[in-house]
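Shown here: run12.cif, mmCIF, C-alpha atoms.
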data_coords
loop_
_atom_site.label_atom_id
_atom_site.label_comp_id
_atom_site.auth_asym_id
_atom_site.auth_seq_id
_atom_site.Cartn_x
_atom_site.Cartn_y
_atom_site.Cartn_z
CA MET U 1 55.76 51.95 113.84
CA ASP U 2 53.90 55.05 112.74
CA ASP U 3 55.21 56.92 115.80
CA VAL U 4 58.74 56.28 114.58
CA LEU U 5 58.30 56.81 110.85
CA ARG U 6 56.33 60.05 111.07
CA PRO U 7 58.95 62.03 113.07
CA LEU U 8 61.70 60.54 110.93
CA ILE U 9 59.97 61.54 107.72
CA VAL U 10 59.10 65.04 108.94
CA VAL U 11 62.44 65.90 110.51
CA GLY U 12 64.60 63.99 108.02
CA GLY U 13 62.63 65.35 105.07
CA SER U 14 63.07 68.92 106.32
CA VAL U 15 66.81 68.48 106.76
CA VAL U 16 67.27 66.74 103.39
CA LEU U 17 65.16 69.33 101.59
CA THR U 18 67.17 72.10 103.24
CA LEU U 19 70.46 70.54 102.12
CA LEU U 20 69.20 70.05 98.56
CA ILE U 21 67.91 73.61 98.23
CA GLY U 22 71.10 74.98 99.81
CA TRP U 23 73.30 72.91 97.47
CA ALA U 24 71.32 74.00 94.39
CA THR U 25 71.45 77.66 95.44
CA ASP U 26 75.18 77.49 96.12
CA LEU U 27 75.75 75.84 92.73
CA LEU U 28 73.86 78.62 90.95
CA LEU U 29 75.80 81.30 92.84
CA ARG U 30 79.11 79.61 92.02
CA LYS U 31 78.29 79.48 88.31
CA ALA U 32 77.17 83.11 88.37
CA ASP U 33 80.42 84.08 90.11
CA GLU U 34 82.49 82.26 87.46
CA ARG U 35 80.50 83.88 84.67
CA HIS U 36 80.57 87.45 86.00
CA HIS U 37 84.11 88.29 87.07
CA GLU U 38 83.45 92.02 86.98
CA THR U 39 81.38 91.94 90.18
CA PRO U 40 82.07 90.19 93.52
CA LEU U 41 78.36 90.07 94.43
CA TRP U 42 77.78 86.39 93.76
CA GLY U 43 80.90 85.31 95.59
CA LEU U 44 79.94 87.45 98.59
CA LEU U 45 76.41 86.04 98.61
CA ARG U 46 77.87 82.54 98.93
CA ARG U 47 79.06 83.54 102.41
CA ALA U 48 75.41 83.68 103.44
CA ARG U 49 74.73 79.99 102.74
CA ILE U 50 74.85 78.97 106.41
CA PRO U 51 72.20 81.46 107.64
CA TYR U 52 70.22 80.73 104.46
CA GLN U 53 70.09 77.02 105.26
CA LEU U 54 69.23 77.76 108.89
CA VAL U 55 66.28 79.89 107.75
CA LEU U 56 65.07 77.13 105.42
CA CYS U 57 65.42 74.38 108.01
CA ALA U 58 63.81 76.40 110.81
CA ALA U 59 60.92 77.45 108.57
CA LEU U 60 60.29 73.89 107.37
CA LEU U 61 60.41 72.46 110.89
CA ARG U 62 58.27 75.30 112.25
CA GLY U 63 55.57 74.53 109.73
CA SER U 64 55.67 70.74 109.98
CA TYR U 65 56.76 69.76 113.48
CA VAL U 66 53.13 69.49 114.61
CA GLU U 67 52.61 66.68 112.10
CA ALA U 68 55.52 64.79 113.56
CA GLY U 69 53.74 64.31 116.89
CA VAL U 70 57.01 64.52 118.83
CA PHE U 71 56.70 65.62 122.47
CA PRO U 72 53.10 66.78 122.27
CA ASP U 73 53.25 68.07 125.85
CA HIS U 74 56.06 70.47 124.88
CA ARG U 75 54.56 71.66 121.62
CA THR U 76 54.53 75.32 122.69
CA GLY U 77 58.13 75.30 123.85
CA ILE U 78 59.37 73.58 120.69
CA GLY U 79 57.40 75.97 118.51
CA ARG U 80 58.78 78.99 120.35
CA THR U 81 62.36 77.68 120.10
CA LEU U 82 62.01 77.16 116.36
CA THR U 83 60.56 80.65 116.04
CA LEU U 84 63.54 82.13 117.89
CA VAL U 85 65.96 80.24 115.67
CA LEU U 86 64.05 81.43 112.59
CA ILE U 87 64.16 85.08 113.69
CA GLY U 88 67.85 84.94 114.60
CA SER U 89 68.91 83.21 111.38
CA ALA U 90 66.75 85.58 109.31
CA ALA U 91 68.49 88.58 110.92
CA TRP U 92 71.86 86.95 110.24
CA LEU U 93 70.87 86.38 106.60
CA VAL U 94 69.70 89.98 106.16
CA ILE U 95 73.00 91.30 107.57
CA ARG U 96 75.04 89.09 105.23
CA ILE U 97 73.00 90.07 102.17
CA ALA U 98 73.18 93.77 103.04
CA ALA U 99 76.94 93.52 103.55
CA ALA U 100 77.36 91.79 100.17
CA VAL U 101 75.33 94.45 98.35
CA VAL U 102 77.14 97.34 100.07
CA GLU U 103 80.58 95.81 99.47
CA THR U 104 79.79 95.21 95.80
CA THR U 105 78.61 98.78 95.33
CA TYR U 106 81.73 100.15 97.02
CA THR U 107 84.04 97.90 94.96
CA ARG U 108 82.56 99.14 91.70
CA TYR U 109 82.84 102.74 92.84
CA ALA U 110 86.44 102.28 94.03
CA ASN U 111 87.54 100.57 90.80
CA ALA U 112 86.10 103.41 88.75
CA ARG U 113 87.47 106.33 90.81
CA TYR U 114 90.50 105.19 92.81
CA HIS U 115 93.13 106.40 90.34
CA ARG U 116 91.33 109.71 89.76
CA ASP U 117 90.31 110.60 93.33
CA PRO U 118 91.75 108.24 95.99
CA ALA U 119 90.84 110.63 98.82
CA ARG U 120 87.15 110.47 97.92
CA VAL U 121 87.33 106.67 97.70
CA ARG U 122 88.73 106.53 101.26
CA ARG U 123 85.95 108.84 102.41
CA VAL U 124 83.29 106.58 100.87
CA ARG U 125 84.99 103.55 102.43
CA THR U 126 84.75 105.13 105.87
CA GLN U 127 81.08 105.99 105.37
CA VAL U 128 80.24 102.52 104.04
CA THR U 129 81.95 100.83 106.98
CA LEU U 130 80.06 102.88 109.57
CA ILE U 131 76.74 102.56 107.73
CA ARG U 132 77.15 98.79 107.60
CA ARG U 133 77.80 98.69 111.34
CA VAL U 134 74.74 100.84 112.01
CA VAL U 135 72.55 98.62 109.81
CA SER U 136 73.85 95.50 111.57
CA ALA U 137 73.11 97.05 114.96
CA ILE U 138 69.57 98.04 113.90
CA VAL U 139 68.81 94.59 112.48
CA GLY U 140 70.18 92.98 115.64
CA VAL U 141 68.04 95.18 117.90
CA VAL U 142 64.92 94.48 115.81
CA ALA U 143 65.65 90.75 115.92
CA VAL U 144 66.07 90.76 119.70
CA ALA U 145 62.86 92.76 120.08
CA ALA U 146 61.01 90.30 117.85
CA MET U 147 62.34 87.40 119.91
CA LEU U 148 61.19 89.01 123.15
CA LEU U 149 57.73 89.66 121.74
CA THR U 150 57.24 85.92 121.17
CA PHE U 151 56.84 85.55 124.94
CA PRO U 152 53.36 86.46 126.20
CA ALA U 153 54.75 87.96 129.40
CA MET U 154 56.79 90.42 127.38
CA ARG U 155 53.77 91.45 125.34
CA ALA U 156 51.80 92.05 128.54
CA ALA U 157 54.59 94.21 129.90
CA GLY U 158 54.80 96.23 126.70
CA ALA U 159 52.39 98.91 127.86
CA SER U 160 54.26 99.54 131.10
CA LEU U 161 57.58 99.56 129.25
CA LEU U 162 56.30 102.16 126.81
CA ALA U 163 54.91 104.25 129.67
CA SER U 164 58.30 104.33 131.40
CA ALA U 165 60.30 104.72 128.16
CA GLY U 166 60.74 108.45 128.70
CA ILE U 167 62.22 108.07 132.18
CA LEU U 168 64.39 105.15 131.11
CA GLY U 169 65.62 107.14 128.13
CA ILE U 170 66.70 110.02 130.34
CA VAL U 171 68.44 107.70 132.79
CA ALA U 172 70.17 105.79 129.98
CA GLY U 173 71.22 109.02 128.31
CA VAL U 174 72.84 110.34 131.49
CA ALA U 175 74.51 106.98 132.25
CA ALA U 176 75.83 106.52 128.72
CA GLN U 177 76.69 110.12 127.97
CA SER U 178 80.26 109.39 126.89
CA THR U 179 79.21 106.39 124.79
CA LEU U 180 76.51 108.37 123.01
CA GLY U 181 78.96 111.21 122.50
CA ASN U 182 81.41 108.84 120.83
CA MET U 183 78.64 107.41 118.63
CA PHE U 184 77.60 110.84 117.41
CA ALA U 185 81.26 111.75 116.94
CA GLY U 186 81.69 108.62 114.80
CA LEU U 187 78.80 109.68 112.58
CA GLN U 188 80.25 113.19 112.39
CA ILE U 189 83.61 111.80 111.28
CA ALA U 190 81.99 109.57 108.67
CA PHE U 191 79.93 112.28 107.02
CA GLY U 192 82.03 115.32 107.93
CA ASP U 193 85.08 114.02 106.02
CA MET U 194 87.47 114.97 108.85
CA VAL U 195 89.43 111.72 108.82
CA ARG U 196 89.12 108.62 106.63
CA ILE U 197 90.41 105.06 106.58
CA GLY U 198 93.88 105.13 105.05
CA ASP U 199 94.65 108.74 105.99
CA THR U 200 98.09 109.58 107.37
CA VAL U 201 97.70 111.42 110.68
CA VAL U 202 99.83 112.69 113.55
CA VAL U 203 98.14 112.28 116.94
CA ASP U 204 99.88 113.08 120.23
CA GLY U 205 103.22 113.13 118.44
CA GLU U 206 102.66 109.67 116.90
CA TRP U 207 102.73 109.33 113.11
CA GLY U 208 100.60 106.59 111.57
CA THR U 209 97.79 105.51 109.23
CA VAL U 210 94.12 105.25 110.15
CA GLU U 211 93.36 101.53 110.04
CA GLU U 212 89.83 101.23 111.46
CA ILE U 213 86.96 103.57 112.34
CA THR U 214 83.94 102.44 114.34
CA LEU U 215 81.11 104.30 116.03
CA THR U 216 83.05 104.53 119.29
CA PHE U 217 86.80 104.25 118.63
CA LEU U 218 89.45 104.79 115.96
CA THR U 219 92.62 102.74 115.44
CA VAL U 220 95.86 104.25 114.11
CA ARG U 221 98.65 101.94 112.89
CA THR U 222 102.01 103.58 113.57
CA TRP U 223 105.10 103.27 111.38
CA ASP U 224 106.56 100.65 113.76
CA GLU U 225 103.34 98.53 113.48
CA ARG U 226 101.90 99.51 116.84
CA ARG U 227 98.15 100.15 117.14
CA ILE U 228 96.87 103.22 118.97
CA THR U 229 93.18 103.04 119.84
CA MET U 230 91.51 106.35 120.65
CA PRO U 231 87.88 107.43 121.19
CA VAL U 232 86.45 109.11 118.11
CA SER U 233 85.40 112.07 120.25
CA TYR U 234 89.12 112.98 120.45
CA PHE U 235 89.13 113.84 116.74
CA THR U 236 86.11 116.14 117.08
CA SER U 237 87.33 118.00 120.15
CA LYS U 238 91.12 118.30 119.74
CA PRO U 239 93.40 119.40 116.89
CA PHE U 240 95.36 116.78 114.96
CA GLU U 241 97.40 116.66 111.76
CA ASN U 242 95.89 114.98 108.71
CA TRP U 243 98.55 114.74 106.02
CA SER U 244 96.11 113.18 103.54
CA ARG U 245 93.64 116.04 103.68
CA GLY U 246 93.25 117.64 100.26
CA THR U 247 96.13 116.82 97.94
CA PRO U 248 98.48 114.08 99.21
CA GLN U 249 101.57 115.91 97.88
CA MET U 250 103.95 117.02 100.62
CA THR U 251 107.06 119.13 101.18
CA GLY U 252 109.67 117.89 103.64
CA THR U 253 112.73 119.41 105.29
CA VAL U 254 116.20 118.06 106.08
CA PHE U 255 118.52 119.92 108.47
CA TRP U 256 122.30 119.75 108.94
CA HIS U 257 124.48 121.61 111.44
CA LEU U 258 127.77 122.30 109.63
CA ASP U 259 130.91 124.36 109.90
CA HIS U 260 130.85 127.86 108.45
CA SER U 261 133.26 126.77 105.72
CA ALA U 262 130.82 124.18 104.27
CA PRO U 263 130.64 124.36 100.42
CA LEU U 264 127.04 125.46 99.88
CA GLU U 265 127.12 125.56 96.08
CA ALA U 266 128.63 122.08 95.93
CA MET U 267 125.96 120.89 98.37
CA ARG U 268 123.21 122.28 96.12
CA ASP U 269 124.65 120.40 93.17
CA ARG U 270 124.98 117.23 95.24
CA LEU U 271 121.38 117.58 96.47
CA ARG U 272 120.19 117.79 92.88
CA ASP U 273 122.14 114.63 91.96
CA ILE U 274 120.81 112.72 95.01
CA LEU U 275 117.20 113.62 94.19
CA ARG U 276 117.55 112.62 90.56
CA GLU U 277 118.67 109.17 91.71
CA CYS U 278 115.85 108.87 94.30
CA PRO U 279 112.68 107.22 92.88
CA ALA U 280 110.51 108.64 95.68
CA TRP U 281 111.18 112.26 94.66
CA ASP U 282 108.33 113.57 92.50
CA GLY U 283 110.47 116.14 90.69
CA ARG U 284 108.40 119.16 91.67
CA ALA U 285 110.90 121.22 93.64
CA TYR U 286 114.01 121.28 95.83
CA ASN U 287 116.07 123.95 97.55
CA LEU U 288 118.98 124.37 99.98
CA ASN U 289 119.57 127.45 102.17
CA VAL U 290 121.25 128.56 105.39
CA THR U 291 118.47 129.13 107.93
CA ASP U 292 120.41 129.86 111.13
CA SER U 293 123.91 130.49 112.46
CA THR U 294 125.72 130.10 115.79
CA PRO U 295 129.29 131.04 116.79
CA SER U 296 130.47 127.49 115.99
CA THR U 297 128.06 126.11 113.34
CA MET U 298 125.45 127.10 110.81
CA GLU U 299 122.11 125.42 110.13
CA VAL U 300 121.53 124.29 106.53
CA ARG U 301 118.04 123.34 105.42
CA ALA U 302 117.04 121.37 102.33
CA LEU U 303 113.48 121.39 100.99
CA VAL U 304 112.29 118.33 99.05
CA THR U 305 108.93 117.22 97.68
CA ALA U 306 107.11 113.91 97.18
CA LYS U 307 103.71 112.64 96.12
CA ASP U 308 102.58 111.46 99.58
CA ALA U 309 103.61 111.07 103.21
CA ASP U 310 105.32 107.69 102.76
CA ASP U 311 107.51 108.93 99.92
CA ILE U 312 108.45 112.16 101.67
CA TRP U 313 109.84 110.13 104.57
CA THR U 314 111.89 108.03 102.15
CA VAL U 315 113.25 111.11 100.40
CA ARG U 316 114.21 112.84 103.66
CA VAL U 317 116.13 109.92 105.15
CA GLU U 318 117.95 109.20 101.88
CA VAL U 319 118.97 112.82 101.36
CA ARG U 320 120.17 113.15 104.96
CA GLU U 321 122.22 109.94 104.86
CA ARG U 322 123.82 110.42 101.45
CA MET U 323 124.67 114.08 102.04
CA ILE U 324 126.43 113.34 105.34
CA ARG U 325 128.38 110.48 103.74
CA TRP U 326 129.41 112.74 100.84
CA LEU U 327 130.56 115.51 103.17
CA ALA U 328 132.58 113.07 105.29
CA GLU U 329 134.32 111.68 102.19
CA GLU U 330 134.78 114.79 100.04
CA HIS U 331 134.63 117.76 102.44
CA PRO U 332 135.42 116.60 105.98
CA TYR U 333 136.26 120.14 107.06
CA ALA U 334 132.56 121.05 106.58
CA LEU U 335 131.42 118.84 109.45
CA PRO U 336 131.09 120.44 112.91
CA ARG U 337 134.41 120.98 114.69
CA VAL U 338 135.21 121.58 118.34
CA ASN U 339 137.49 124.48 119.38
CA THR U 340 139.96 123.42 122.04
CA ALA U 341 142.68 125.27 124.08
CA ASP U 342 145.02 124.35 126.93
CA ALA U 343 144.09 125.60 130.36
CA ALA U 344 146.13 128.59 131.53
CA LEU U 345 148.07 128.28 134.82
CA PRO U 346 148.04 130.98 137.55
CA PRO U 347 150.47 133.93 137.03
CA GLY U 348 154.09 133.20 137.93
CA PRO U 349 156.42 135.29 140.09
CA ASP U 350 157.13 137.59 137.18
CA GLY U 351 153.40 138.20 136.65
CA ARG U 352 153.26 136.37 133.29
CA ARG U 353 150.77 133.59 132.61
CA SER U 354 151.98 130.28 131.26
CA SER U 355 150.21 127.19 129.93
CA LEU U 356 150.94 123.51 129.58
CA GLY U 357 153.42 123.80 126.78
CA ILE U 358 151.26 125.92 124.45
CA PRO U 359 150.38 129.59 124.82
CA ALA U 360 146.80 130.16 125.97
CA ALA U 361 146.06 132.35 122.98
CA ARG U 362 146.74 129.54 120.54
CA ARG U 363 143.64 127.54 119.54
CA VAL U 364 143.66 124.20 117.80
CA HIS U 365 140.79 123.10 115.54
CA SER U 366 140.38 119.38 115.66
CA HIS U 367 137.94 117.33 113.65
CA PRO U 368 135.94 114.71 115.61
CA ARG U 369 137.52 112.02 113.45
CA GLU U 370 141.02 113.17 114.51
CA ARG U 371 140.28 113.06 118.23
#
Rendering of file as structure tokens:
Amino acid sequence: MDDVLRPLIVVGGSVVLTLLIGWATDLLLRKADERHHETPLWGLLRRARIPYQLVLCAALLRGSYVEAGVFPDHRTGIGRTLTLVLIGSAAWLVIRIAAAVVETTYTRYANARYHRDPARVRRVRTQVTLIRRVVSAIVGVVAVAAMLLTFPAMRAAGASLLASAGILGIVAGVAAQSTLGNMFAGLQIAFGDMVRIGDTVVVDGEWGTVEEITLTFLTVRTWDERRITMPVSYFTSKPFENWSRGTPQMTGTVFWHLDHSAPLEAMRDRLRDILRECPAWDGRAYNLNVTDSTPSTMEVRALVTAKDADDIWTVRVEVRERMIRWLAEEHPYALPRVNTADAALPPGPDGRRSSLGIPAARRVHSHPRER
């Protein structure tokens, strides 16, 4: 009877005590979260309740399983397994707590500075994300090393591993040259402020927003919701456009190819009216000029401004569409026209050229809508 009650009391008591302590801790964190709405720390710490309970249960069982007298022939194996679980859950708990503290610090910083300096907030966000990944990787490596050192054979091989560490490091460095290059490039991006999460960039002719930055790759979300994943070393070795660098304000251009008789002054007035009705225009500046001319058309360029890259796109497409519609309705002669003429026939017996009903010298201007 004692052989049954003792394991039941030891194991069951450890599990029940773990559940009670975990429930009490979660209750305290929940009340703290309800009481302090200005910080998300307590709510984020609640996400660590599973590794917290694993640490408690593994620690209690590791300290009391000998008293249970269960499987005495496998005492060493059971003890080592519980130790591995304890180390792994402790590393998990440390990562969750560190993530909660870092996220809380960033949230406070972002709430205080986002409206004054959004570019700096995005820079800090990028740095915090990469630092958190580095910390998680370091904790994971330390945890794995601690697990390996629980085996006597690994401790005995420690001296030989340290002796060959230099050679292995050289071999690993040569084999993982590109990976290490991307890792260092990721750190350079994080602390060099070249590109940040949320920046609007143009890479290989694709326009999009930086969605994710890791130590090895960077993801750009394009305007049509595609994701372009590129190695971070690309951004340290090749030129790219960063529209969010410095001030987010932008100047955009809209081009039209029109007939030489287009009413430029009326177009300037119409451009002003269109911009006043466009919420995306920031009101800083606008202009309309002829920038080029060909024998059949002239190129008219409008300059418009907006507070960021998204708004400048909206302003450009609205100005282009509304101006073309206005020209087609009010000044159709201003749209490009095609010069046409009948083909001349070979000279007749009298040496005079004739055409199909119309003299060759006569030219007819026809609007595309009339053809």
Sort by chain and increasing residue number a table of all residues of stretch 260-341 of chain U within 12 Å of stretch 217-225 of chain U, each with its closest pair of atoms and their distance in Å to one decimal, counting all atoms listed in the file, and write it as a tab-separated table.
residue	atom	partner	partner_atom	distance
U:Ala309	CA	U:Trp223	CA	11.4
U:Asp310	CA	U:Trp223	CA	9.7
U:Trp313	CA	U:Trp223	CA	10.8
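For the atom pair formed by atom CA of U:Cys57 and atom CA of U:Val139, the distance is 21.0 Å, given to one decimal.
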- Query: How would you write as a ChimeraX atom specification the residues that get within 7 Å of (97.4, 115.9, 119.1) in the file's frame, counting all atoms listed in the file?
  - Reply: /U:202-205,238-240
Taken to one decimal, the atom CA of U:Tyr109-atom CA of U:Met194 distance is 20.7 Å
- request: Could you expand the PyMOL selection byres ((chain U and resi 83-86) around 9) into the explicit residues it covers here, written as a ChimeraX atom specification?
  value: /U:54-59,62,78-82,87-91,146-148,150
- Task: List the neighbours of U:Thr294 out to 10 Å using all atoms listed in the file; skip same-chain residues closer than 6 positions along the sequence, and give me the result as a list in words.
- Result: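 Those residues are His257, Asp259 and His260 of chain U.
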_Top pick for closest residue to U:Val94, considering U:Ser64, U:Ser136, U:Asn111, U:Ser233 and counting only C-alpha atoms_ =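 Between U:Ser64, U:Ser136, U:Asn111, U:Ser233, the residue approaching U:Val94 most closely is U:Ser136.
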Result set of the PyMOL selection byres ((chain U and resi 256) around 7) on the coordinates above, as a PyMOL selection string = chain U and resi 254-255+257-258+299-301
Those selected residues, please, written with C-alpha atoms and delivered as a PDB file, in the frame of the given file.
ATOM      1  CA  VAL U 254     116.200 118.060 106.080  1.00  0.00           C
ATOM      2  CA  PHE U 255     118.520 119.920 108.470  1.00  0.00           C
ATOM      3  CA  HIS U 257     124.480 121.610 111.440  1.00  0.00           C
ATOM      4  CA  LEU U 258     127.770 122.300 109.630  1.00  0.00           C
ATOM      5  CA  GLU U 299     122.110 125.420 110.130  1.00  0.00           C
ATOM      6  CA  VAL U 300     121.530 124.290 106.530  1.00  0.00           C
ATOM      7  CA  ARG U 301     118.040 123.340 105.420  1.00  0.00           C
TER       8      ARG U 301
END
- Task: With a distance cut-off of 6 Å and only C-alpha atoms, select the neighbouring residues of U:Arg196, excluding the residue or stretch itself and same-chain residues fewer than 3 positions from it, and output the selection as a list in words.
- Result: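 Near U:Arg196, the qualifying residues are Arg122, Arg123, Thr126 and Asp199 of chain U.
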Open item on the list: Using all atoms listed in the file, which protein or nucleic acid residues come within 10 Å of U:Gly283? Drop anything in the same chain fewer than 2 positions from it, and give the result as JSON, numbers by chain.
Closed with: {"U": [275, 276, 278, 279, 280, 281, 285, 286, 304, 305, 306, 307]}
So that I can see what lies close to U:Leu44, please list as an NGL selection string the residues with an atom at most 9 Å from it, counting all atoms listed in the file and leaving out residues fewer than 3 positions away in the same chain.
:U and (40-41 or 47-48 or 96-97 or 99-101 or 103-104)
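Residue nearest U:Met250 within the list U:Leu303, U:Gly198, U:Thr216, U:Val290: U:Leu303 [criterion: smallest interatomic distance, all atoms listed in the file].
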Can you pull out every residue within 10 Å of U:Gln249, counting all atoms listed in the file, but drop anything in the same chain fewer than 2 positions away, and send it as a list in words? Trp243, Ser244, Arg245, Gly246, Thr247, Thr251, Asp282, Arg284, Thr305, Ala306, Lys307, Asp308, Ala309, Asp311 and Ile312 of chain U
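Put simply, the PyMOL selection byres ((chain U and resi 322) around 12) in this file takes in Val254, Met267, Arg270, Leu271, Arg272, Asp273, Ile274, Leu275, Glu277, Cys278, Val315, Arg316, Val317, Glu318, Val319, Arg320, Glu321, Met323, Ile324, Arg325, Trp326, Leu327, Ala328, Glu329 and Glu330 of chain U.
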Counting all atoms listed in the file, closest pick from U:Ile197, U:Val10, U:Val141, U:Val128 relative to U:Thr105 is U:Val128
Could you please determine the separation between atom CA of U:Glu265 and atom CA of U:Pro332 in Å, to one decimal place?
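These atoms are spaced 15.7 Å apart.
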Save C-alpha atoms of stretch 252-282 of chain U from the block above as a tab-separated table (two decimals), in the first residue's frame.
chain	number	residue	atom	x	y	z
U	252	GLY	CA	4.90	63.51	-57.46
U	253	THR	CA	4.52	64.07	-61.19
U	254	VAL	CA	1.64	63.51	-63.62
U	255	PHE	CA	2.25	63.57	-67.40
U	256	TRP	CA	-0.16	64.08	-70.31
U	257	HIS	CA	0.57	64.02	-74.04
U	258	LEU	CA	-1.77	66.60	-75.59
U	259	ASP	CA	-2.35	68.53	-78.78
U	260	HIS	CA	-0.52	71.82	-79.20
U	261	SER	CA	-3.82	73.69	-78.90
U	262	ALA	CA	-4.48	72.45	-75.33
U	263	PRO	CA	-5.65	75.29	-73.01
U	264	LEU	CA	-2.78	75.49	-70.53
U	265	GLU	CA	-4.16	78.31	-68.39
U	266	ALA	CA	-7.51	76.55	-68.07
U	267	MET	CA	-5.67	73.35	-67.15
U	268	ARG	CA	-3.78	75.18	-64.38
U	269	ASP	CA	-7.05	76.45	-62.96
U	270	ARG	CA	-8.60	73.00	-63.22
U	271	LEU	CA	-5.58	71.43	-61.50
U	272	ARG	CA	-5.97	73.86	-58.62
U	273	ASP	CA	-9.68	72.97	-58.29
U	274	ILE	CA	-8.96	69.20	-58.40
U	275	LEU	CA	-6.31	69.46	-55.68
U	276	ARG	CA	-8.54	71.52	-53.41
U	277	GLU	CA	-11.14	68.75	-53.59
U	278	CYS	CA	-8.55	65.98	-52.98
U	279	PRO	CA	-8.10	65.13	-49.26
U	280	ALA	CA	-4.72	63.49	-49.89
U	281	TRP	CA	-3.12	66.73	-51.13
U	282	ASP	CA	-1.19	68.41	-48.32
